[in-house]
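structure_2.cif (mmCIF, C-alpha atoms and all ligand atoms)
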data_run
#
loop_
_atom_site.label_atom_id
_atom_site.label_comp_id
_atom_site.auth_asym_id
_atom_site.auth_seq_id
_atom_site.Cartn_x
_atom_site.Cartn_y
_atom_site.Cartn_z
CA MET A 1 -10.18 29.77 -2.30
CA THR A 2 -6.92 30.04 -4.21
CA VAL A 3 -4.46 27.68 -2.61
CA PRO A 4 -1.22 29.47 -1.73
CA LYS A 5 1.92 27.89 -3.22
CA LEU A 6 3.34 27.14 0.22
CA LEU A 7 4.97 23.87 -0.85
CA GLU A 8 6.65 24.90 -4.09
CA ASN A 9 9.98 23.08 -4.64
CA LYS A 10 9.11 20.56 -1.94
CA THR A 11 8.69 16.81 -2.32
CA ALA A 12 6.09 14.90 -0.33
CA LEU A 13 5.33 11.25 0.35
CA VAL A 14 1.76 10.52 1.52
CA LEU A 15 1.12 7.05 2.98
CA GLY A 16 -2.36 5.53 3.14
CA VAL A 17 -4.62 6.42 0.22
CA ALA A 18 -7.47 3.88 -0.07
CA ASN A 19 -10.06 5.88 -2.04
CA LYS A 20 -11.34 9.39 -2.75
CA ARG A 21 -12.62 9.78 0.82
CA SER A 22 -9.26 9.00 2.46
CA ILE A 23 -7.76 11.76 4.58
CA ALA A 24 -4.48 10.91 2.82
CA TRP A 25 -6.02 11.72 -0.55
CA ALA A 26 -7.42 15.09 0.61
CA ILE A 27 -3.96 15.97 1.92
CA ALA A 28 -2.14 14.74 -1.20
CA ASN A 29 -4.45 16.75 -3.42
CA ARG A 30 -3.92 19.92 -1.39
CA PHE A 31 -0.13 19.40 -1.39
CA HIS A 32 -0.29 19.16 -5.18
CA GLU A 33 -2.30 22.39 -5.38
CA ALA A 34 0.24 24.03 -3.08
CA GLY A 35 3.03 23.15 -5.52
CA ALA A 36 4.61 20.01 -4.04
CA ARG A 37 5.91 17.11 -6.10
CA LEU A 38 4.07 14.03 -4.88
CA ALA A 39 4.48 10.34 -4.16
CA ILE A 40 1.55 8.34 -2.83
CA THR A 41 1.36 4.82 -1.45
CA TYR A 42 -1.54 2.40 -1.25
CA GLN A 43 -1.53 -0.78 0.80
CA ASP A 44 -2.08 -3.61 -1.68
CA GLU A 45 -3.29 -4.81 -5.08
CA ARG A 46 -6.91 -4.77 -3.88
CA LEU A 47 -6.84 -0.93 -3.73
CA ARG A 48 -5.00 -0.25 -6.97
CA ASP A 49 -8.20 0.21 -9.08
CA LYS A 50 -9.51 2.81 -6.63
CA VAL A 51 -6.28 4.78 -6.34
CA GLU A 52 -4.91 4.77 -9.89
CA PRO A 53 -7.74 6.91 -11.39
CA LEU A 54 -7.31 9.47 -8.58
CA VAL A 55 -3.73 10.27 -9.48
CA GLU A 56 -4.31 10.39 -13.23
CA GLY A 57 -4.83 14.15 -13.11
CA ILE A 58 -1.60 14.76 -11.23
CA SER A 59 1.38 14.95 -13.52
CA ASP A 60 4.60 13.48 -12.17
CA CYS A 61 2.93 11.71 -9.23
CA LEU A 62 4.75 8.55 -8.14
CA LEU A 63 2.30 5.81 -7.21
CA ILE A 64 3.77 3.02 -5.10
CA GLN A 65 2.25 -0.09 -3.55
CA CYS A 66 3.52 -0.49 0.02
CA ASP A 67 2.30 -2.65 2.87
CA LEU A 68 3.88 -0.94 5.86
CA THR A 69 4.01 -4.16 7.88
CA LYS A 70 6.60 -5.45 5.36
CA PRO A 71 10.05 -3.94 6.04
CA GLU A 72 11.29 -4.83 2.53
CA GLU A 73 8.43 -2.83 0.97
CA ILE A 74 9.29 0.21 3.13
CA GLU A 75 12.92 -0.10 2.06
CA GLU A 76 11.98 -0.33 -1.64
CA THR A 77 9.58 2.62 -1.34
CA PHE A 78 12.15 4.97 0.17
CA ALA A 79 14.84 3.82 -2.26
CA LYS A 80 12.50 4.66 -5.13
CA ILE A 81 11.66 8.06 -3.63
CA ASP A 82 15.34 8.85 -3.18
CA SER A 83 16.26 7.89 -6.72
CA GLU A 84 13.35 9.92 -8.19
CA PHE A 85 13.32 12.92 -5.81
CA ASP A 86 16.88 12.95 -4.47
CA GLY A 87 15.68 13.62 -0.92
CA LEU A 88 12.33 14.23 0.75
CA ASP A 89 10.78 17.26 2.49
CA ILE A 90 7.45 15.95 3.77
CA LEU A 91 6.13 12.60 5.03
CA VAL A 92 2.47 12.04 5.91
CA HIS A 93 1.45 8.89 7.81
CA SER A 94 -2.31 8.37 7.40
CA VAL A 95 -2.60 4.68 8.22
CA ALA A 96 -4.46 2.69 10.87
CA PHE A 97 -5.93 -0.76 11.27
CA ALA A 98 -7.58 -2.87 13.97
CA LEU A 99 -9.23 -6.28 13.73
CA LYS A 100 -13.01 -5.84 13.39
CA ASP A 101 -13.86 -7.75 16.58
CA GLU A 102 -11.71 -5.40 18.65
CA LEU A 103 -13.91 -2.39 17.77
CA GLU A 104 -16.94 -3.74 19.61
CA GLY A 105 -17.55 -5.19 23.03
CA ARG A 106 -15.29 -4.51 26.02
CA PHE A 107 -11.79 -3.09 25.79
CA SER A 108 -10.80 -5.52 28.55
CA ASP A 109 -11.47 -8.42 26.13
CA THR A 110 -8.77 -7.22 23.68
CA SER A 111 -6.86 -10.27 22.40
CA PRO A 112 -3.06 -10.38 22.32
CA GLU A 113 -3.23 -10.58 18.52
CA GLY A 114 -5.69 -7.66 18.31
CA PHE A 115 -3.45 -5.56 20.56
CA GLN A 116 -0.35 -6.39 18.53
CA VAL A 117 -1.94 -5.77 15.10
CA ALA A 118 -3.45 -2.40 16.10
CA HIS A 119 -0.18 -1.18 17.59
CA ASN A 120 2.03 -2.51 14.81
CA VAL A 121 0.03 -1.00 11.92
CA SER A 122 -1.31 2.15 13.57
CA SER A 123 1.67 3.17 15.70
CA TYR A 124 4.95 1.36 14.99
CA THR A 125 4.81 2.07 11.24
CA LEU A 126 5.25 5.78 12.01
CA THR A 127 8.59 5.00 13.62
CA SER A 128 9.71 2.63 10.86
CA THR A 129 8.83 5.08 8.08
CA ALA A 130 10.21 8.13 9.94
CA ARG A 131 13.49 6.24 10.36
CA ALA A 132 13.58 5.51 6.62
CA ALA A 133 12.71 9.15 5.80
CA ARG A 134 15.42 10.69 7.98
CA PRO A 135 18.42 10.37 5.62
CA LEU A 136 16.33 11.68 2.70
CA MET A 137 15.20 14.66 4.79
CA GLU A 138 18.74 15.32 5.96
CA LYS A 139 19.68 15.74 2.29
CA LYS A 140 17.15 18.60 2.13
CA GLY A 141 18.37 20.22 5.33
CA GLY A 142 15.26 19.18 7.28
CA GLY A 143 11.66 18.11 6.86
CA SER A 144 8.17 17.78 8.26
CA ILE A 145 6.55 14.51 9.35
CA LEU A 146 2.82 14.40 10.08
CA ALA A 147 0.73 11.55 11.50
CA MET A 148 -3.05 11.28 11.83
CA THR A 149 -4.32 10.61 15.32
CA TYR A 150 -7.66 10.80 17.14
CA TYR A 151 -9.03 12.06 20.45
CA GLY A 152 -9.71 8.46 21.58
CA SER A 153 -6.01 8.48 22.58
CA THR A 154 -6.69 10.59 25.67
CA ARG A 155 -10.44 10.21 26.31
CA VAL A 156 -12.57 7.07 26.26
CA ILE A 157 -14.69 6.89 23.09
CA PRO A 158 -17.28 4.08 22.90
CA HIS A 159 -16.11 1.15 20.70
CA TYR A 160 -12.77 2.79 19.83
CA ASN A 161 -11.17 0.37 22.31
CA VAL A 162 -7.68 -0.85 21.38
CA MET A 163 -7.40 1.79 18.65
CA GLY A 164 -7.49 4.46 21.37
CA VAL A 165 -4.58 2.77 23.13
CA ALA A 166 -2.70 2.48 19.82
CA LYS A 167 -3.29 6.20 19.15
CA ALA A 168 -1.87 7.00 22.62
CA SER A 169 1.22 5.03 21.58
CA LEU A 170 1.31 6.90 18.26
CA GLU A 171 1.17 10.28 20.03
CA ALA A 172 3.95 9.29 22.44
CA SER A 173 5.98 8.16 19.40
CA ILE A 174 5.42 11.58 17.81
CA ARG A 175 7.00 13.24 20.86
CA TYR A 176 9.96 10.84 21.03
CA LEU A 177 10.60 11.15 17.29
CA ALA A 178 10.34 14.95 17.51
CA SER A 179 12.99 14.90 20.23
CA ASP A 180 15.21 12.47 18.29
CA PHE A 181 15.02 14.32 14.98
CA GLY A 182 15.00 17.96 16.12
CA GLU A 183 18.78 18.25 15.68
CA PHE A 184 18.32 17.41 11.98
CA ASN A 185 15.70 20.15 11.60
CA ILE A 186 13.04 17.46 11.12
CA ARG A 187 9.73 18.31 12.77
CA VAL A 188 7.26 15.60 13.83
CA ASN A 189 3.65 16.47 14.63
CA GLY A 190 0.20 14.90 14.87
CA LEU A 191 -3.09 16.07 13.41
CA SER A 192 -6.18 15.04 15.33
CA PRO A 193 -9.34 15.46 13.22
CA GLY A 194 -12.87 14.98 14.49
CA PRO A 195 -14.81 12.01 13.03
CA LEU A 196 -14.89 11.90 9.21
CA ASN A 197 -16.86 9.44 7.12
CA THR A 198 -14.04 7.30 5.65
CA LEU A 199 -13.48 3.59 5.05
CA ALA A 200 -11.54 3.19 8.32
CA ALA A 201 -14.15 5.12 10.33
CA ARG A 202 -17.02 3.00 9.05
CA GLY A 203 -15.45 0.03 10.85
CA ILE A 204 -16.24 1.63 14.21
CA THR A 205 -19.57 0.50 15.68
CA GLY A 206 -21.97 3.44 16.16
CA PHE A 207 -19.95 5.81 13.93
CA PRO A 208 -23.02 7.75 12.59
CA LYS A 209 -23.96 8.50 16.22
CA MET A 210 -20.50 9.94 16.81
CA LEU A 211 -20.89 12.30 13.84
CA LYS A 212 -24.25 13.52 15.11
CA TYR A 213 -23.02 13.99 18.68
CA VAL A 214 -19.96 16.01 17.64
CA ALA A 215 -22.03 18.22 15.30
CA GLU A 216 -24.36 19.02 18.20
CA HIS A 217 -21.78 19.47 20.97
CA SER A 218 -18.59 20.92 19.47
CA PRO A 219 -18.08 24.66 19.97
CA LEU A 220 -18.29 25.27 16.19
CA ARG A 221 -21.49 23.10 16.06
CA LYS A 222 -20.34 21.19 12.99
CA ASN A 223 -18.46 18.13 11.83
CA THR A 224 -14.89 18.31 10.63
CA GLU A 225 -14.43 18.52 6.85
CA LEU A 226 -11.66 16.89 4.83
CA ASP A 227 -10.64 20.29 3.43
CA GLU A 228 -10.01 21.60 6.93
CA VAL A 229 -7.63 18.73 7.64
CA ALA A 230 -5.90 19.21 4.27
CA ASP A 231 -5.40 22.95 4.88
CA THR A 232 -3.91 22.33 8.33
CA ALA A 233 -1.61 19.67 6.88
CA MET A 234 -0.46 22.13 4.19
CA PHE A 235 0.38 24.70 6.87
CA MET A 236 2.15 22.17 9.11
CA ALA A 237 4.18 20.83 6.19
CA SER A 238 5.21 24.32 5.13
CA ASP A 239 7.97 26.58 6.43
CA LEU A 240 5.29 28.71 8.13
CA ALA A 241 5.19 26.01 10.84
CA ARG A 242 9.00 25.87 11.21
CA GLY A 243 8.80 26.51 14.98
CA ILE A 244 6.33 23.70 15.75
CA THR A 245 7.33 20.15 16.67
CA GLY A 246 6.09 17.40 18.98
CA GLU A 247 2.60 18.92 18.88
CA ILE A 248 -0.87 17.41 18.44
CA ILE A 249 -3.14 19.84 16.55
CA HIS A 250 -6.88 19.24 16.93
CA ILE A 251 -9.03 19.94 13.87
CA ASP A 252 -12.31 19.11 15.52
CA GLY A 253 -14.32 22.32 15.78
CA GLY A 254 -13.03 22.56 19.37
CA TYR A 255 -14.72 19.34 20.52
CA HIS A 256 -11.74 18.33 22.70
CA ILE A 257 -12.09 21.37 24.98
CA VAL A 258 -15.66 20.60 26.03
CA GLY A 259 -16.24 19.04 29.48
CA MET A 260 -20.03 18.92 29.38
N1 LIG B 1 -11.92 9.10 9.71
C1 LIG B 1 -11.84 9.59 10.93
O1 LIG B 1 -12.86 9.85 11.58
C2 LIG B 1 -10.50 9.84 11.55
C3 LIG B 1 -10.40 10.71 12.63
C4 LIG B 1 -9.15 10.92 13.20
C5 LIG B 1 -8.04 10.25 12.72
N2 LIG B 1 -8.16 9.40 11.66
C6 LIG B 1 -6.96 8.70 11.19
O2 LIG B 1 -6.67 9.09 9.87
C7 LIG B 1 -5.88 8.08 9.26
C8 LIG B 1 -6.44 7.75 7.88
O3 LIG B 1 -7.70 7.11 8.00
P1 LIG B 1 -8.95 7.48 7.09
O4 LIG B 1 -10.05 7.84 8.02
O5 LIG B 1 -8.56 8.39 6.00
O6 LIG B 1 -9.39 6.05 6.49
P2 LIG B 1 -8.84 5.24 5.23
O7 LIG B 1 -9.42 3.89 5.38
O8 LIG B 1 -9.11 5.96 3.98
O9 LIG B 1 -7.27 5.20 5.46
C9 LIG B 1 -6.63 4.23 6.26
C10 LIG B 1 -5.48 3.72 5.42
O10 LIG B 1 -4.65 2.83 6.17
C11 LIG B 1 -4.16 1.92 5.22
N3 LIG B 1 -3.54 0.75 5.84
C12 LIG B 1 -4.05 -0.10 6.76
N4 LIG B 1 -3.16 -1.09 7.01
C13 LIG B 1 -2.05 -0.83 6.25
C14 LIG B 1 -0.81 -1.48 6.04
N5 LIG B 1 -0.50 -2.63 6.66
N6 LIG B 1 0.09 -0.93 5.17
C15 LIG B 1 -0.22 0.21 4.51
N7 LIG B 1 -1.37 0.87 4.67
C16 LIG B 1 -2.29 0.35 5.51
C17 LIG B 1 -5.41 1.54 4.43
O11 LIG B 1 -5.09 0.85 3.24
C18 LIG B 1 -5.99 2.92 4.20
O12 LIG B 1 -5.45 3.47 3.02
C19 LIG B 1 -5.85 6.91 10.24
O13 LIG B 1 -4.68 6.99 11.02
C20 LIG B 1 -7.06 7.20 11.12
O14 LIG B 1 -6.98 6.61 12.39
C21 LIG B 1 -9.37 9.17 11.07
#
Final structure tokens representation of the file:
Amino acid sequence: MTVPKLLENKTALVLGVANKRSIAWAIANRFHEAGARLAITYQDERLRDKVEPLVEGISDCLLIQCDLTKPEEIEETFAKIDSEFDGLDILVHSVAFALKDELEGRFSDTSPEGFQVAHNVSSYTLTSTARAARPLMEKKGGGSILAMTYYGSTRVIPHYNVMGVAKASLEASIRYLASDFGEFNIRVNGLSPGPLNTLAARGITGFPKMLKYVAEHSPLRKNTELDEVADTAMFMASDLARGITGEIIHIDGGYHIVGM
């Protein structure tokens, strides 16, 4: 497929590339193909060797280390983007984390620390980065913010536990931010892919079973592919989606509509 140049003359910041399987990387790559100028962040030094070779083929790509739990790193990141790009059109939040122990056993045993960490990293960082992006997007006359969520926010998924509750918080944040930022022509939406075999997903107990179950029971009888998420992100980031905000788009072969 030839990728349409839907994002020509746009600048995009994609948060959360860990390796070549990351949803963030699939999206960043598609944005590049669609003509956007890119900046990408990775969490810490440990990931640098995985991420640096990925961006080598992308001319002009800004690569920034940013731990989103550190306010000073968010501030530095957006200052750098502003000085290089003079504004920002697109922000993608593709970041989540929960302590390993919280993704097994009973949800009712969630520790205060586990609850706080999951919500801080997986939900609050959307608000802190959206707030930092707003003045840069205002310079461009508007923008599109996208965050990755999952169906465990509204339905109980075995072992997803506190991450499901954090995703519910993320989705509520998407709606509140969409309402806050609408007057600046900034749209805020969520993408909800079906299970994909990434680093984060492998932390969930029984993940291979989830993949098999969805492939057998979704209306399209298949698992979600990274390309499908990237294509939807390209559309949502583009002016074609200018009327859509506060929405959660499922890219799950229709799995979320099935009752039995
Ligand atoms: N893989 C799936 O099945 C699936 C399904 C639906 C939604 N999602 C969501 O997609 C998003 C991306 O996950 P992924 O599956 O691509 O896995 P991934 O492991 O490739 O990406 C998660 C990213 O979060 C980053 N991160 C964690 N803590 C951070 C911090 N403090 N500061 C900065 N970055 C931090 C990690 O470094 C990593 O790059 C997550 O929000 C995830 O919940 C994943």
Go through A:Ile249, A:Ala34, A:Leu99, A:Met163 one by one, measure the shortest atom-to-atom distance of each to Ser192 of chain A using only C-alpha atoms, and give the residue with the smallest value.
A:Ile249
Within 7 Å of ligand LIG 1 (chain B), counting only C-alpha atoms and all ligand atoms, which protein or nucleic acid residues do you find, written as a PDB file with C-alpha atoms, in the coordinates of the input?
ATOM      1  CA  LEU A  15       1.120   7.050   2.980  1.00  0.00           C
ATOM      2  CA  GLY A  16      -2.360   5.530   3.140  1.00  0.00           C
ATOM      3  CA  VAL A  17      -4.620   6.420   0.220  1.00  0.00           C
ATOM      4  CA  ALA A  18      -7.470   3.880  -0.070  1.00  0.00           C
ATOM      5  CA  ASN A  19     -10.060   5.880  -2.040  1.00  0.00           C
ATOM      6  CA  ARG A  21     -12.620   9.780   0.820  1.00  0.00           C
ATOM      7  CA  SER A  22      -9.260   9.000   2.460  1.00  0.00           C
ATOM      8  CA  ILE A  23      -7.760  11.760   4.580  1.00  0.00           C
ATOM      9  CA  ALA A  24      -4.480  10.910   2.820  1.00  0.00           C
ATOM     10  CA  TYR A  42      -1.540   2.400  -1.250  1.00  0.00           C
ATOM     11  CA  GLN A  43      -1.530  -0.780   0.800  1.00  0.00           C
ATOM     12  CA  CYS A  66       3.520  -0.490   0.020  1.00  0.00           C
ATOM     13  CA  ASP A  67       2.300  -2.650   2.870  1.00  0.00           C
ATOM     14  CA  LEU A  68       3.880  -0.940   5.860  1.00  0.00           C
ATOM     15  CA  THR A  69       4.010  -4.160   7.880  1.00  0.00           C
ATOM     16  CA  SER A  94      -2.310   8.370   7.400  1.00  0.00           C
ATOM     17  CA  VAL A  95      -2.600   4.680   8.220  1.00  0.00           C
ATOM     18  CA  ALA A  96      -4.460   2.690  10.870  1.00  0.00           C
ATOM     19  CA  PHE A  97      -5.930  -0.760  11.270  1.00  0.00           C
ATOM     20  CA  VAL A 121       0.030  -1.000  11.920  1.00  0.00           C
ATOM     21  CA  SER A 122      -1.310   2.150  13.570  1.00  0.00           C
ATOM     22  CA  MET A 148      -3.050  11.280  11.830  1.00  0.00           C
ATOM     23  CA  THR A 149      -4.320  10.610  15.320  1.00  0.00           C
ATOM     24  CA  TYR A 150      -7.660  10.800  17.140  1.00  0.00           C
ATOM     25  CA  SER A 192      -6.180  15.040  15.330  1.00  0.00           C
ATOM     26  CA  PRO A 193      -9.340  15.460  13.220  1.00  0.00           C
ATOM     27  CA  GLY A 194     -12.870  14.980  14.490  1.00  0.00           C
ATOM     28  CA  PRO A 195     -14.810  12.010  13.030  1.00  0.00           C
ATOM     29  CA  LEU A 196     -14.890  11.900   9.210  1.00  0.00           C
ATOM     30  CA  ASN A 197     -16.860   9.440   7.120  1.00  0.00           C
ATOM     31  CA  THR A 198     -14.040   7.300   5.650  1.00  0.00           C
ATOM     32  CA  LEU A 199     -13.480   3.590   5.050  1.00  0.00           C
ATOM     33  CA  ALA A 200     -11.540   3.190   8.320  1.00  0.00           C
ATOM     34  CA  ALA A 201     -14.150   5.120  10.330  1.00  0.00           C
TER      35      ALA A 201
END
Counting all atoms listed in the file, what is within 6 Å of segment 77-92 of chain A, bar same-chain residues fewer than 5 positions away, as a ChimeraX atom specification?
/A:10-15,136-137,139,143-147
Closest of A:Lys167, A:Arg202, A:His217, A:Arg134 to Ile186 of chain A - atom-to-atom distances counting only C-alpha atoms
A:Arg134
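When all atoms listed in the file are used to compute distances to Ala132 of chain A, the closest of the residues A:Ala166, A:Met236, A:Ile74, A:Leu211 turns out to be A:Ile74.
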For a quick check of your reading of the model, name the residues lying within 6 Å of the coordinate (3.1, 4.2, 9.5), counting only C-alpha atoms, and write them as a PyMOL selection string.
chain A and resi 93+95+125-126+129
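You will find atom CA of Ile248 of chain A at 5.7 Å from atom CA of Leu191 of chain A.
Proximity to Tyr124 of chain A was assessed for A:Lys140, A:Lys70, A:Ile251, A:Gly105 counting all atoms listed in the file; the smallest distance is recorded for A:Lys70.
Coordinates place atom CA of Glu247 of chain A at a distance of 20.4 Å from atom CA of Leu6 of chain A.
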